[in-house]
>>> print(open('work.cif').read())   # mmCIF, C-alpha atoms
data_entry
loop_
_atom_site.group_PDB
_atom_site.id
_atom_site.type_symbol
_atom_site.label_atom_id
_atom_site.label_comp_id
_atom_site.auth_asym_id
_atom_site.auth_seq_id
_atom_site.Cartn_x
_atom_site.Cartn_y
_atom_site.Cartn_z
ATOM 1 C CA MET A 1 0.000 0.000 0.000
ATOM 2 C CA SER A 2 2.730 2.393 0.886
ATOM 3 C CA THR A 3 4.131 2.268 -2.648
ATOM 4 C CA LEU A 4 0.962 3.735 -4.105
ATOM 5 C CA PRO A 5 1.191 7.412 -4.930
ATOM 6 C CA VAL A 6 -0.869 9.664 -2.714
ATOM 7 C CA ASP A 7 -3.004 10.837 -5.597
ATOM 8 C CA THR A 8 -4.460 7.389 -6.292
ATOM 9 C CA LEU A 9 -5.495 7.041 -2.683
ATOM 10 C CA ARG A 10 -7.231 10.358 -2.636
ATOM 11 C CA PRO A 11 -8.422 11.111 -6.140
ATOM 12 C CA GLU A 12 -10.521 14.034 -4.994
ATOM 13 C CA THR A 13 -7.455 15.965 -3.846
ATOM 14 C CA ALA A 14 -5.766 15.270 -7.146
ATOM 15 C CA ALA A 15 -8.815 16.552 -8.963
ATOM 16 C CA SER A 16 -9.078 19.682 -6.873
ATOM 17 C CA LYS A 17 -5.383 20.336 -7.355
ATOM 18 C CA THR A 18 -5.685 20.357 -11.124
ATOM 19 C CA GLN A 19 -8.738 22.563 -10.810
ATOM 20 C CA LEU A 20 -6.888 25.105 -8.740
ATOM 21 C CA ARG A 21 -3.831 25.241 -10.960
ATOM 22 C CA PRO A 22 -4.787 25.054 -14.623
ATOM 23 C CA PRO A 23 -1.902 24.061 -16.865
ATOM 24 C CA PHE A 24 0.055 26.712 -18.680
ATOM 25 C CA TRP A 25 -1.138 27.752 -22.068
ATOM 26 C CA THR A 26 -0.272 25.578 -25.006
ATOM 27 C CA ALA A 27 1.654 26.928 -27.983
ATOM 28 C CA TRP A 28 -1.408 27.215 -30.219
ATOM 29 C CA GLN A 29 -3.371 28.953 -27.472
ATOM 30 C CA LYS A 30 -0.630 31.536 -27.254
ATOM 31 C CA ILE A 31 -0.539 32.069 -31.014
ATOM 32 C CA LEU A 32 -4.322 32.367 -31.089
ATOM 33 C CA PHE A 33 -4.252 34.818 -28.222
ATOM 34 C CA ARG A 34 -1.672 37.032 -29.919
ATOM 35 C CA ILE A 35 -3.816 37.231 -33.037
ATOM 36 C CA ALA A 36 -7.003 37.803 -31.036
ATOM 37 C CA PHE A 37 -5.335 40.497 -28.975
ATOM 38 C CA VAL A 38 -4.296 42.547 -32.001
ATOM 39 C CA PHE A 39 -7.652 41.918 -33.655
ATOM 40 C CA PHE A 40 -9.844 42.976 -30.747
ATOM 41 C CA VAL A 41 -7.730 45.920 -29.712
ATOM 42 C CA SER A 42 -7.880 47.344 -33.226
ATOM 43 C CA LEU A 43 -11.604 46.633 -33.243
ATOM 44 C CA ALA A 44 -12.575 47.882 -29.809
ATOM 45 C CA LEU A 45 -10.478 50.955 -29.113
ATOM 46 C CA PRO A 46 -11.509 54.144 -30.867
ATOM 47 C CA ASN A 47 -8.819 54.868 -33.422
ATOM 48 C CA ASP A 48 -10.461 57.745 -35.223
ATOM 49 C CA PRO A 49 -8.967 61.142 -34.280
ATOM 50 C CA GLY A 50 -12.404 62.691 -34.769
ATOM 51 C CA TRP A 51 -13.709 60.642 -31.846
ATOM 52 C CA TYR A 52 -11.189 62.173 -29.455
ATOM 53 C CA LYS A 53 -11.826 65.613 -30.912
ATOM 54 C CA ASP A 54 -15.541 65.186 -30.188
ATOM 55 C CA LEU A 55 -14.852 63.935 -26.688
ATOM 56 C CA PHE A 56 -12.953 67.068 -25.757
ATOM 57 C CA SER A 57 -15.053 69.559 -27.670
ATOM 58 C CA PHE A 58 -18.392 68.720 -26.047
ATOM 59 C CA ASP A 59 -19.907 71.299 -23.778
ATOM 60 C CA TRP A 60 -19.930 69.023 -20.737
ATOM 61 C CA THR A 61 -21.946 71.532 -18.738
ATOM 62 C CA ARG A 62 -24.795 71.457 -21.259
ATOM 63 C CA LEU A 63 -24.534 67.966 -22.576
ATOM 64 C CA HIS A 64 -27.018 66.728 -25.147
ATOM 65 C CA TYR A 65 -27.954 63.070 -25.272
ATOM 66 C CA ARG A 66 -26.714 62.978 -28.832
ATOM 67 C CA ASP A 67 -23.175 63.741 -27.605
ATOM 68 C CA LEU A 68 -23.004 60.653 -25.429
ATOM 69 C CA TYR A 69 -24.837 58.658 -28.070
ATOM 70 C CA ASP A 70 -22.193 59.566 -30.602
ATOM 71 C CA ILE A 71 -19.232 58.646 -28.457
ATOM 72 C CA ALA A 72 -20.904 55.400 -27.414
ATOM 73 C CA ARG A 73 -21.578 54.530 -31.006
ATOM 74 C CA PHE A 74 -18.608 54.567 -33.283
ATOM 75 C CA GLY A 75 -17.154 52.368 -35.895
ATOM 76 C CA SER A 76 -13.627 51.218 -35.395
ATOM 77 C CA GLY A 77 -11.384 48.746 -37.018
ATOM 78 C CA LEU A 78 -8.667 49.317 -39.514
ATOM 79 C CA ASN A 79 -9.524 51.175 -42.644
ATOM 80 C CA ILE A 80 -5.997 51.783 -43.854
ATOM 81 C CA PHE A 81 -6.360 48.827 -46.201
ATOM 82 C CA GLY A 82 -9.650 50.152 -47.531
ATOM 83 C CA ASN A 83 -13.000 48.774 -46.453
ATOM 84 C CA LYS A 84 -13.823 46.565 -49.375
ATOM 85 C CA ILE A 85 -13.782 42.812 -49.541
ATOM 86 C CA PHE A 86 -13.595 41.486 -53.100
ATOM 87 C CA GLY A 87 -14.757 44.878 -54.335
ATOM 88 C CA SER A 88 -17.830 45.078 -52.092
ATOM 89 C CA PRO A 89 -18.056 47.451 -49.125
ATOM 90 C CA LEU A 90 -20.468 45.020 -47.349
ATOM 91 C CA ASN A 91 -22.284 47.667 -45.352
ATOM 92 C CA ALA A 92 -25.194 49.825 -46.364
ATOM 93 C CA THR A 93 -25.667 53.436 -45.308
ATOM 94 C CA PRO A 94 -25.766 53.534 -41.528
ATOM 95 C CA LEU A 95 -29.060 54.674 -40.073
ATOM 96 C CA GLY A 96 -30.281 55.653 -36.636
ATOM 97 C CA MET B 97 -8.116 40.157 -39.423
ATOM 98 C CA ILE B 98 -5.345 39.623 -41.952
ATOM 99 C CA PHE B 99 -3.450 42.429 -40.256
ATOM 100 C CA ALA B 100 -4.014 40.787 -36.858
ATOM 101 C CA ILE B 101 -2.765 37.422 -38.102
ATOM 102 C CA GLY B 102 0.307 39.131 -39.516
ATOM 103 C CA VAL B 103 1.111 41.010 -36.326
ATOM 104 C CA GLY B 104 0.263 37.963 -34.221
ATOM 105 C CA LEU B 105 2.727 35.830 -36.133
ATOM 106 C CA VAL B 106 5.443 38.478 -35.906
ATOM 107 C CA TRP B 107 4.759 38.656 -32.180
ATOM 108 C CA THR B 108 5.075 34.864 -31.995
ATOM 109 C CA PHE B 109 8.424 35.081 -33.766
ATOM 110 C CA ILE B 110 9.688 37.775 -31.367
ATOM 111 C CA ASP B 111 8.495 35.748 -28.382
ATOM 112 C CA SER B 112 10.302 32.667 -29.615
ATOM 113 C CA ARG B 113 13.538 34.637 -29.285
ATOM 114 C CA ARG B 114 12.738 35.779 -25.753
ATOM 115 C CA LYS B 115 14.392 34.139 -22.767
ATOM 116 C CA PRO B 116 12.614 32.963 -20.704
ATOM 117 C CA GLN B 117 9.651 32.446 -22.965
ATOM 118 C CA PRO B 118 6.347 33.728 -21.620
ATOM 119 C CA ARG B 119 4.248 30.773 -20.526
ATOM 120 C CA GLU B 120 0.911 32.511 -20.693
ATOM 121 C CA TYR B 121 -0.711 35.919 -21.085
ATOM 122 C CA LYS B 122 -3.120 35.884 -18.196
ATOM 123 C CA ARG B 123 -2.715 39.521 -17.343
ATOM 124 C CA LEU B 124 -2.917 40.719 -20.926
ATOM 125 C CA TYR B 125 -5.962 38.518 -21.495
ATOM 126 C CA TYR B 126 -7.582 40.083 -18.464
ATOM 127 C CA TRP B 127 -7.028 43.594 -19.823
ATOM 128 C CA LEU B 128 -8.161 42.618 -23.286
ATOM 129 C CA ARG B 129 -11.390 41.402 -21.736
ATOM 130 C CA VAL B 130 -11.705 44.685 -19.861
ATOM 131 C CA VAL B 131 -11.369 46.638 -23.112
ATOM 132 C CA VAL B 132 -13.886 44.462 -24.932
ATOM 133 C CA ARG B 133 -16.328 44.442 -22.006
ATOM 134 C CA TYR B 134 -16.396 48.194 -21.697
ATOM 135 C CA ARG B 135 -16.496 48.769 -25.426
ATOM 136 C CA ALA B 136 -19.461 46.445 -25.830
ATOM 137 C CA GLY B 137 -21.171 47.708 -22.670
ATOM 138 C CA ILE B 138 -20.953 51.395 -23.541
ATOM 139 C CA GLY B 139 -21.850 50.752 -27.157
ATOM 140 C CA ILE B 140 -24.989 48.761 -26.435
ATOM 141 C CA ILE B 141 -26.172 51.141 -23.718
ATOM 142 C CA GLY B 142 -25.981 53.908 -26.318
ATOM 143 C CA PHE B 143 -28.559 52.007 -28.324
ATOM 144 C CA GLY B 144 -30.443 50.652 -25.330
ATOM 145 C CA TYR B 145 -31.488 54.043 -24.031
ATOM 146 C CA THR B 146 -32.888 55.131 -27.381
ATOM 147 C CA LYS B 147 -35.161 52.100 -27.100
ATOM 148 C CA LEU B 148 -35.859 52.394 -23.383
ATOM 149 C CA PHE B 149 -37.225 55.845 -24.147
ATOM 150 C CA PRO B 150 -38.785 54.763 -27.403
ATOM 151 C CA THR B 151 -37.254 57.145 -29.922
ATOM 152 C CA GLN B 152 -35.089 54.948 -32.112
ATOM 153 C CA LEU B 153 -38.032 53.281 -33.820
ATOM 154 C CA PRO B 154 -40.650 56.034 -33.822
ATOM 155 C CA TYR B 155 -44.400 55.951 -34.102
ATOM 156 C CA PRO B 156 -45.411 56.321 -37.766
ATOM 157 C CA SER B 157 -45.944 59.913 -38.772
ATOM 158 C CA LEU B 158 -49.000 61.133 -40.654
ATOM 159 C CA GLY B 159 -46.930 61.324 -43.808
ATOM 160 C CA VAL B 160 -45.883 57.693 -43.510
ATOM 161 C CA LEU B 161 -49.433 56.527 -42.831
ATOM 162 C CA ASN B 162 -50.526 58.188 -46.067
ATOM 163 C CA THR B 163 -47.831 56.458 -48.084
ATOM 164 C CA ASP B 164 -48.699 53.470 -50.250
ATOM 165 C CA PHE B 165 -47.454 50.351 -48.520
ATOM 166 C CA GLY B 166 -45.493 49.230 -51.540
ATOM 167 C CA ASP B 167 -43.525 52.457 -51.506
ATOM 168 C CA LEU B 168 -42.109 51.849 -48.039
ATOM 169 C CA THR B 169 -38.653 50.365 -47.821
ATOM 170 C CA LEU B 170 -38.207 47.095 -45.964
ATOM 171 C CA GLN B 171 -36.304 48.880 -43.243
ATOM 172 C CA LYS B 172 -39.128 51.366 -42.793
ATOM 173 C CA ILE B 173 -41.742 48.625 -42.550
ATOM 174 C CA TYR B 174 -39.844 46.816 -39.856
ATOM 175 C CA TRP B 175 -39.021 49.916 -37.851
ATOM 176 C CA LEU B 176 -42.554 51.199 -37.927
ATOM 177 C CA SER B 177 -44.044 47.850 -36.973
ATOM 178 C CA ILE B 178 -41.892 48.003 -33.865
ATOM 179 C CA GLY B 179 -42.701 51.682 -33.482
ATOM 180 C CA ILE B 180 -46.423 51.022 -33.075
ATOM 181 C CA VAL B 181 -45.661 48.811 -30.061
ATOM 182 C CA PRO B 182 -43.692 51.199 -27.840
ATOM 183 C CA TRP B 183 -43.720 48.858 -24.866
ATOM 184 C CA TYR B 184 -42.045 46.168 -26.877
ATOM 185 C CA GLU B 185 -39.377 48.661 -27.787
ATOM 186 C CA VAL B 186 -39.019 49.602 -24.125
ATOM 187 C CA PHE B 187 -38.538 45.937 -23.318
ATOM 188 C CA ALA B 188 -35.832 45.629 -25.964
ATOM 189 C CA GLY B 189 -34.227 48.702 -24.404
ATOM 190 C CA VAL B 190 -34.288 47.100 -20.968
ATOM 191 C CA VAL B 191 -32.591 44.015 -22.383
ATOM 192 C CA GLU B 192 -29.855 46.050 -24.058
ATOM 193 C CA VAL B 193 -29.192 48.361 -21.125
ATOM 194 C CA LEU B 194 -29.172 45.426 -18.723
ATOM 195 C CA ALA B 195 -26.733 43.506 -20.910
ATOM 196 C CA GLY B 196 -24.476 46.540 -21.068
ATOM 197 C CA ALA B 197 -24.671 47.216 -17.336
ATOM 198 C CA LEU B 198 -23.876 43.597 -16.498
ATOM 199 C CA LEU B 199 -20.759 43.822 -18.645
ATOM 200 C CA PHE B 200 -19.350 46.524 -16.384
ATOM 201 C CA PHE B 201 -18.853 44.026 -13.538
ATOM 202 C CA ARG B 202 -16.507 41.074 -13.656
ATOM 203 C CA ALA B 203 -18.836 38.798 -11.712
ATOM 204 C CA THR B 204 -21.757 39.401 -14.061
ATOM 205 C CA THR B 205 -19.834 39.571 -17.338
ATOM 206 C CA PHE B 206 -20.906 36.063 -18.267
ATOM 207 C CA TRP B 207 -24.610 36.860 -17.921
ATOM 208 C CA GLY B 208 -24.171 40.159 -19.697
ATOM 209 C CA SER B 209 -22.488 38.525 -22.649
ATOM 210 C CA VAL B 210 -25.090 35.738 -22.816
ATOM 211 C CA LEU B 211 -27.808 38.360 -22.975
ATOM 212 C CA LEU B 212 -25.928 40.505 -25.456
ATOM 213 C CA PHE B 213 -25.133 37.553 -27.680
ATOM 214 C CA GLY B 214 -28.740 36.388 -27.786
ATOM 215 C CA ALA B 215 -30.312 39.794 -28.246
ATOM 216 C CA LEU B 216 -27.857 41.041 -30.834
ATOM 217 C CA ALA B 217 -27.866 37.825 -32.854
ATOM 218 C CA ASP B 218 -31.600 38.412 -33.311
ATOM 219 C CA ILE B 219 -30.921 41.971 -34.366
ATOM 220 C CA VAL B 220 -28.441 40.665 -36.932
ATOM 221 C CA PHE B 221 -31.113 38.387 -38.425
ATOM 222 C CA VAL B 222 -33.581 41.248 -38.565
ATOM 223 C CA ASN B 223 -31.024 43.464 -40.240
ATOM 224 C CA PHE B 224 -30.349 40.964 -42.964
ATOM 225 C CA GLU B 225 -34.020 40.168 -43.413
ATOM 226 C CA TYR B 226 -35.295 43.733 -43.548
ATOM 227 C CA ASP B 227 -32.166 45.458 -44.766
ATOM 228 C CA GLY B 228 -31.962 47.351 -41.508
ATOM 229 C CA GLY B 229 -28.749 49.177 -42.297
ATOM 230 C CA VAL B 230 -26.707 48.165 -39.271
ATOM 231 C CA HIS B 231 -25.745 44.660 -40.404
ATOM 232 C CA VAL B 232 -22.097 45.159 -39.605
ATOM 233 C CA TYR B 233 -22.501 47.078 -36.379
ATOM 234 C CA SER B 234 -24.917 44.556 -34.866
ATOM 235 C CA SER B 235 -22.676 41.664 -35.912
ATOM 236 C CA TYR B 236 -19.868 43.532 -34.226
ATOM 237 C CA PHE B 237 -21.559 43.160 -30.830
ATOM 238 C CA VAL B 238 -22.202 39.481 -31.452
ATOM 239 C CA LEU B 239 -18.509 39.058 -32.175
ATOM 240 C CA LEU B 240 -17.472 40.925 -29.030
ATOM 241 C CA SER B 241 -19.895 39.066 -26.757
ATOM 242 C CA GLY B 242 -18.900 35.780 -28.357
ATOM 243 C CA PHE B 243 -15.302 36.554 -27.514
ATOM 244 C CA LEU B 244 -16.273 37.272 -23.908
ATOM 245 C CA LEU B 245 -18.216 33.999 -23.726
ATOM 246 C CA ILE B 246 -15.279 31.858 -24.856
ATOM 247 C CA TYR B 247 -13.641 32.439 -21.495
ATOM 248 C CA ASP B 248 -16.420 30.651 -19.601
ATOM 249 C CA ILE B 249 -17.640 28.117 -22.153
ATOM 250 C CA PRO B 250 -15.233 25.310 -21.079
ATOM 251 C CA LYS B 251 -16.382 25.639 -17.466
ATOM 252 C CA VAL B 252 -20.063 25.642 -18.401
ATOM 253 C CA TYR B 253 -19.476 22.606 -20.628
ATOM 254 C CA ASN B 254 -17.660 20.813 -17.849
ATOM 255 C CA LEU B 255 -20.453 21.482 -15.390
ATOM 256 C CA LEU B 256 -23.589 21.049 -17.480
ATOM 257 C CA VAL B 257 -22.620 18.558 -20.154
ATOM 258 C CA ARG B 258 -19.934 16.462 -18.519
ATOM 259 C CA GLU B 259 -21.571 16.962 -15.112
ATOM 260 C CA GLN B 260 -18.222 17.232 -13.396
ATOM 261 C CA LEU B 261 -17.355 19.222 -10.328
ATOM 262 C CA THR B 262 -16.292 22.582 -11.674
ATOM 263 C CA ILE B 263 -14.461 25.208 -9.727
ATOM 264 C CA PRO B 264 -14.148 28.293 -11.890
ATOM 265 C CA VAL B 265 -10.704 29.810 -11.690
ATOM 266 C CA HIS B 266 -10.555 33.491 -12.490
ATOM 267 C CA TYR B 267 -7.486 35.546 -12.845
ATOM 268 C CA TYR B 268 -7.717 38.994 -11.300
ATOM 269 C CA PRO B 269 -4.710 41.268 -11.204
ATOM 270 C CA SER B 270 -3.986 42.569 -7.740
ATOM 271 C CA PHE B 271 -4.362 46.260 -7.213
ATOM 272 C CA ASP B 272 -2.056 46.669 -4.242
ATOM 273 C CA LYS B 273 -1.029 50.258 -4.484
ATOM 274 C CA PRO B 274 -3.449 52.972 -3.413
ATOM 275 C CA TRP B 275 -3.208 54.837 -6.736
ATOM 276 C CA GLN B 276 -4.204 51.675 -8.569
ATOM 277 C CA GLN B 277 -7.228 51.206 -6.371
ATOM 278 C CA TRP B 278 -8.181 54.832 -6.667
ATOM 279 C CA SER B 279 -7.901 54.950 -10.438
ATOM 280 C CA ARG B 280 -9.838 51.704 -10.734
ATOM 281 C CA VAL B 281 -12.681 53.045 -8.605
ATOM 282 C CA PHE B 282 -12.535 56.416 -10.357
ATOM 283 C CA LEU B 283 -12.636 55.016 -13.888
ATOM 284 C CA LYS B 284 -15.268 52.423 -13.134
ATOM 285 C CA THR B 285 -17.544 54.796 -11.253
ATOM 286 C CA GLY B 286 -16.951 57.386 -13.955
ATOM 287 C CA VAL B 287 -18.018 55.121 -16.792
ATOM 288 C CA ILE B 288 -21.054 53.852 -14.905
ATOM 289 C CA GLY B 289 -21.959 57.346 -13.732
ATOM 290 C CA VAL B 290 -21.698 58.899 -17.187
ATOM 291 C CA PHE B 291 -23.097 56.112 -19.346
ATOM 292 C CA VAL B 292 -25.688 54.604 -17.036
ATOM 293 C CA VAL B 293 -26.868 57.437 -14.802
ATOM 294 C CA TRP B 294 -26.181 60.681 -16.656
ATOM 295 C CA PHE B 295 -27.066 59.202 -20.024
ATOM 296 C CA PHE B 296 -30.377 57.997 -18.582
ATOM 297 C CA TYR B 297 -31.139 61.531 -17.425
ATOM 298 C CA LEU B 298 -30.173 63.142 -20.743
ATOM 299 C CA GLN B 299 -32.117 60.613 -22.739
ATOM 300 C CA GLY B 300 -35.142 61.123 -20.497
ATOM 301 C CA VAL B 301 -35.007 64.884 -20.874
ATOM 302 C CA ASN B 302 -34.687 64.489 -24.613
ATOM 303 C CA PHE B 303 -37.619 62.094 -24.780
ATOM 304 C CA LEU B 304 -39.910 64.225 -22.646
ATOM 305 C CA TYR B 305 -39.131 67.730 -23.799
ATOM 306 C CA ASP B 306 -37.393 67.788 -27.162
ATOM 307 C CA PRO B 307 -39.753 67.981 -30.145
ATOM 308 C CA ILE B 308 -37.173 66.205 -32.292
ATOM 309 C CA ASN B 309 -36.327 63.112 -30.263
ATOM 310 C CA ASN B 310 -34.026 61.506 -32.726
ATOM 311 C CA PRO B 311 -31.960 64.166 -34.464
ATOM 312 C CA PRO B 312 -30.784 62.866 -37.809
ATOM 313 C CA SER B 313 -27.263 64.081 -37.215
ATOM 314 C CA LYS B 314 -25.023 65.805 -34.729
ATOM 315 C CA ALA B 315 -25.511 69.061 -36.592
ATOM 316 C CA CYS B 316 -29.246 68.945 -35.946
ATOM 317 C CA ARG B 317 -29.154 68.276 -32.250
ATOM 318 C CA ASN B 318 -30.543 71.724 -31.456
ATOM 319 C CA CYS B 319 -33.116 71.756 -34.218
ATOM 320 C CA GLY B 320 -35.796 71.262 -31.581
ATOM 321 C CA GLU B 321 -34.805 74.510 -29.905
ATOM 322 C CA ILE B 322 -34.963 76.348 -33.210
ATOM 323 C CA MET B 323 -38.454 74.995 -33.879
ATOM 324 C CA LYS B 324 -39.724 76.360 -30.577
#
>>> encode(input="work.cif", output="structure tokens")
Amino acid sequence: MSTLPVDTLRPETAASKTQLRPPFWTAWQKILFRIAFVFFVSLALPNDPGWYKDLFSFDWTRLHYRDLYDIARFGSGLNIFGNKIFGSPLNATPLG
Amino acid sequence: MIFAIGVGLVWTFIDSRRKPQPREYKRLYYWLRVVVRYRAGIGIIGFGYTKLFPTQLPYPSLGVLNTDFGDLTLQKIYWLSIGIVPWYEVFAGVVEVLAGALLFFRATTFWGSVLLFGALADIVFVNFEYDGGVHVYSSYFVLLSGFLLIYDIPKVYNLLVREQLTIPVHYYPSFDKPWQQWSRVFLKTGVIGVFVVWFFYLQGVNFLYDPINNPPSKACRNCGEIMK
């Protein structure tokens, strides 16, 4: 009995140990994360100078709902490569 | 996406030269989720309030009611059929604002992204069906909430499908220094204060008192005043 490893005697502790300390990321997880990081940062952070200009030019003492609406609602992403895929812009005129 | 793959691969190459090699990006992943959570939360609240105070999809005007049905665009038909049921629109607004507000807190992010994913996926369908005009922007929220969901999906699968004991492990960076705590509280309260509380007030004022509830552009935001 004494030769058995502790983990086989008490499987629940072994299980809880692996739960508490998840293994390090695998190589493909890291590659995927690097791509996702660049992708979502360029998608989620406002990268249009006009957005920052708006943010600082609002009259914050007499704010209109449209001001907040406009800074909450902006398109981002990278347009330096153009916004067409196979010659089609994919989006119609934005409304509302 | 192509750009991201390119940069990601370059980053991989640079990392392969680093000693010691980074084993994981827990902290960076945490901050990426913060960025995406707040982006999606603020963005959807912007829309949510225009539905909560039903202005985004307005009640049909006299002019529209006198138009031949065949002359209305698909988008118009859909928007007006929502517009005649203001309480439904209010409900949609509640869903969107709630989803956004839940995204502001780490403990409720999962529920917020479930709600956002479900609600916005429907809006994507509607946009493609009725040519609603915000195909890309609504898909954008589905993408962001999907990304937020990925973090918890393995745990949910483990618990509900495999029926195993699941202890969720979350990584939270420690904010030891006072300035870190202060800036965290300041930024978080600021965002919630401005986009949940103040925005609610502004939107309410606009709904109750402004003759033009939904100004077509920034330039026209004071048109209501001029009309008075």
>>> residues_around(input="work.cif", residues="A:Phe24", least_positions_apart="5", cutoff="10 Å", atoms="all atoms listed in the file", output="list in words")
Gln29 and Lys30 of chain A; Pro118, Arg119, Glu120, Tyr121 and Lys122 of chain B
>>> interface_residues(input="work.cif", of="chain B", to="chain A", cutoff="6 Å", atoms="all atoms listed in the file", output="list in words")
Ala100, Ile101, Gly104, Glu120, Arg135, Ile138, Gly139, Gly142, Gly229, Val230, Leu298 and Gln299 of chain B
>>> closest_residue(input="work.cif", among="B:Tyr226, B:Trp207, B:Tyr233, B:Tyr268", to="B:Tyr126", atoms="all atoms listed in the file")
B:Tyr268
>>> atom_distance(input="work.cif", atom1="atom CA of B:Ile219", atom2="atom CA of B:Ile288")
24.8 Å
>>> atom_distance(input="work.cif", atom1="atom CA of B:Val265", atom2="atom CA of B:Leu283")
25.4 Å
>>> atom_distance(input="work.cif", atom1="atom CA of B:Leu216", atom2="atom CA of B:Phe200")
17.6 Å
>>> residues_around(input="work.cif", residues="B:Leu198", least_positions_apart="6", cutoff="8 Å", atoms="all atoms listed in the file", output="PDB file with C-alpha atoms, in the coordinates of the input")
ATOM      1  CA  GLY B 137     -21.171  47.708 -22.670  1.00  0.00           C
ATOM      2  CA  THR B 204     -21.757  39.401 -14.061  1.00  0.00           C
ATOM      3  CA  THR B 205     -19.834  39.571 -17.338  1.00  0.00           C
ATOM      4  CA  TRP B 207     -24.610  36.860 -17.921  1.00  0.00           C
ATOM      5  CA  GLY B 208     -24.171  40.159 -19.697  1.00  0.00           C
TER       6      GLY B 208
END
>>> resolve_selection(input="work.cif", expression="the PyMOL selection byres ((chain B and resi 173-177) around 9)", output="ChimeraX atom specification")
/B:152-156,165,168-172,178-181,222,226,228
>>> closest_residue(input="work.cif", among="B:Leu158, B:Ile246, B:Met97, B:Ala195", to="B:Tyr134", atoms="all atoms listed in the file")
B:Ala195
>>> resolve_selection(input="work.cif", expression="the PyMOL selection byres ((chain B and resi 209) around 8)", output="list in words")
Ala195, Leu199, Thr205, Phe206, Trp207, Gly208, Val210, Leu211, Leu212, Phe213, Ser241, Gly242, Leu244 and Leu245 of chain B
>>> residues_near_point(input="work.cif", point="(-40.2, 56.5, -27.3)", cutoff="9 Å", atoms="all atoms listed in the file", output="PyMOL selection string")
chain B and resi 146-155+179+182-183+185-186+303+309
